[in-house]
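Notes to accompany the following structure.
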Amino acid sequence: MRSFWQLVSVVVAVAFLQACVTTEQSNLTRKADPLAAVQRYVDLGLEYIKRDDYNRARKHLSRALELDPDNAPALSALGLIYSNEGEAKLAEASFKQALDSDSSYTRAYTYYGAFLFSSDRYKEALQQFEAAALDTRFSSRAQVYTNIALCNIKLGNNPAALDAYRRSLQLNRYSGRALSGATELLLSERDYAGAQAYYNRLISLIAENDMQHSAQSLWQGIRIANYYNNPEQVESIGALLGELYPDSDEYRRYTAMKARG
């Protein structure tokens, strides 16, 4: 199973951790504030998960669960470890246990949704993301709607996917993922005017933030320019695509398009 983190980008807000907790510090923290100790262990566990150091991550999460066996953040983080290690049954059990313990812990829905998406269980993943989207205070809600769009695309429901991208952009008008996703979706529907409107916003965002185009965004530009019969722009963007991403599927599609004339 591919890495959870590579499949669906669900933002995890983890504080920067400067040092590991020593045994002495742990004992003092347990006595002073057990809730703070649990949070600290969970934060450390998530940090080690980001580093792919699952042994240390599991150690800290186990300590958190010793103090609070029903702690939803610790249980859902443990699910991430199992997911990345290919232990699908254990991962799913951990995510379900986390939600059973605290159904208001929104991030568990996003973790579980991402796990289900990576398992090609798109309808079930959609249900989890839709549950997460109900939390109006969730900091990553815009990304949740992008994930809802991805699920709907997999399920063949493009109108619902476009609505989800639009909702994401209402929450974060600078979401490059939503702008690119909406552009691609409209191109697939041959709505070139609609695609160009989102694409123009995307390239403005890229320029304003001095970002590099992805292979997909360049290929999108090529298709739009080709539709509007602008061969010079097609050639210019195609050259950049070949320079930056010569081994990409997008560049192969571009060269095939050129060969067809």
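How things are named: the first chain in the structure tokens is A, the next is B, and so on; residues count from 1 in each chain; ligands count from 1 in the order shown.
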
Inset, instruction - With a distance cut-off of 10 Å and only C-alpha atoms, select the neighbouring residues of Gly242 (chain A), excluding the residue or stretch itself and same-chain residues fewer than 3 positions from it, and output the selection as a ChimeraX atom specification. - result: /A:215,218,237-239,245-248,250-252,254-255

Inset, instruction - For each of A:Ala72, A:Leu116, A:Val42, A:Ile49, take the minimum atom-to-atom distance to Glu85 (chain A), counting only C-alpha atoms, then give the residue where this is smallest. - result: A:Ile49

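For the pair CA of Asn200 (chain A) and CA of Ala182 (chain A), the separation is 11.7 Å.
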
Legend entry - Which of region 65-200 of chain A DSSP labels alpha helix (DSSP H), written as a PyMOL selection string: chain A and resi 65-67+72-84+88-101+106-118+122-133+141-154+158-171+176-188+192-200

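Nearest-residue note for Ala98 (chain A): choosing from A:Leu75, A:Tyr82, A:Asp120, A:Arg166, the minimum distance belongs to A:Leu75, counting only C-alpha atoms.
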
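Coordinates place CA of Asn71 (chain A) at a distance of 15.3 Å from CA of Asp33 (chain A).
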
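Rounded to one decimal, CA of Ala37 (chain A) and CA of Ser76 (chain A) lie 17.3 Å from each other.
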
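For Ala57 (chain A), the non-local neighbours within 10 Å, defined as residues at least 3 positions apart in the same chain or in other chains and counting only C-alpha atoms, are Tyr41, Val42, Asp43, Leu44, Gly45, Leu46, Glu47, Tyr48, Ile49, Lys50, Arg51, Asp52, Asp53, Tyr54, His60, Leu61, Ser62, Ala77, Leu78 and Ile81 of chain A.
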
Close residues, Leu80 (chain A) itself excluded, 10 Å, only C-alpha atoms, min 3 positions apart in chain, as a PDB file with C-alpha atoms, in the first residue's frame:
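The file below, out11.pdb, is the result:
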ATOM      1  CA  SER A   3       2.145   5.895   1.837  1.00  0.00           C
ATOM      2  CA  PHE A   4      -0.837   7.628   3.378  1.00  0.00           C
ATOM      3  CA  TRP A   5       0.985  10.926   3.104  1.00  0.00           C
ATOM      4  CA  LEU A  46       3.224  12.415  14.796  1.00  0.00           C
ATOM      5  CA  ILE A  49       5.638   9.454  11.681  1.00  0.00           C
ATOM      6  CA  TYR A  54       7.690   4.276  13.127  1.00  0.00           C
ATOM      7  CA  ALA A  74      -3.179   8.720  19.771  1.00  0.00           C
ATOM      8  CA  LEU A  75      -5.376   5.941  18.379  1.00  0.00           C
ATOM      9  CA  SER A  76      -5.749   7.625  14.995  1.00  0.00           C
ATOM     10  CA  ALA A  77      -1.999   8.338  14.828  1.00  0.00           C
ATOM     11  CA  SER A  83      -1.409   2.065   7.315  1.00  0.00           C
ATOM     12  CA  ASN A  84       2.128   2.956   6.292  1.00  0.00           C
ATOM     13  CA  GLU A  85       3.347  -0.475   7.358  1.00  0.00           C
ATOM     14  CA  GLY A  86       0.727  -2.194   5.215  1.00  0.00           C
ATOM     15  CA  GLU A  87      -1.286  -3.505   8.157  1.00  0.00           C
ATOM     16  CA  ALA A  88      -4.678  -2.612   6.721  1.00  0.00           C
ATOM     17  CA  LEU A  90      -5.001  -2.992  12.232  1.00  0.00           C
ATOM     18  CA  ALA A  91      -5.084   0.487  10.685  1.00  0.00           C
ATOM     19  CA  GLU A  92      -8.816   0.368  10.122  1.00  0.00           C
ATOM     20  CA  SER A  94      -7.411   1.934  15.093  1.00  0.00           C
ATOM     21  CA  PHE A  95      -9.262   4.566  13.080  1.00  0.00           C
ATOM     22  CA  ALA A 108      -9.602  11.043  12.616  1.00  0.00           C
ATOM     23  CA  TYR A 111      -7.052  10.023   8.374  1.00  0.00           C
ATOM     24  CA  TYR A 112      -9.611   7.265   7.960  1.00  0.00           C
ATOM     25  CA  ALA A 114      -7.376   8.937   3.306  1.00  0.00           C
ATOM     26  CA  PHE A 115      -6.818   5.310   4.280  1.00  0.00           C
TER      27      PHE A 115
END

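Distances from A:Arg177, A:Phe129, A:Tyr227, A:Gly156 to Asp191 (chain A) were compared using only C-alpha atoms, and the smallest one belongs to A:Tyr227.
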
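Among the candidates A:Ser214, A:Thr183, A:Ser103, A:Ser188, the one nearest to Arg201 (chain A) when counting only C-alpha atoms is A:Thr183.
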
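Of the residues listed (A:Trp219, A:Phe138, A:Tyr174, A:Tyr165), A:Trp219 shows the shortest atom-to-atom separation from Arg253 (chain A); distances use only C-alpha atoms.
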
Legend entry - Pick from A:Glu184, A:Asp70, A:Glu243, A:Glu208 nearest to Arg223 (chain A), counting only C-alpha atoms: A:Glu184

Legend entry - Contact residues around Leu169 (chain A) with only C-alpha atoms at 8 Å, ignoring same-chain residues under 6 positions, as a ChimeraX atom specification: /A:142,175,178-179

Output of the above residues as an mmCIF file, in the first residue's frame, restricted to C-alpha atoms:
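As written to disk, again15.cif reads:
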data_model
loop_
_atom_site.group_PDB
_atom_site.id
_atom_site.type_symbol
_atom_site.label_atom_id
_atom_site.label_comp_id
_atom_site.auth_asym_id
_atom_site.auth_seq_id
_atom_site.Cartn_x
_atom_site.Cartn_y
_atom_site.Cartn_z
ATOM 1 C CA ALA A 142 -10.653 23.578 2.456
ATOM 2 C CA SER A 175 -5.684 26.706 -3.000
ATOM 3 C CA ALA A 178 -8.443 23.171 -5.994
ATOM 4 C CA LEU A 179 -7.647 25.548 -8.871
#
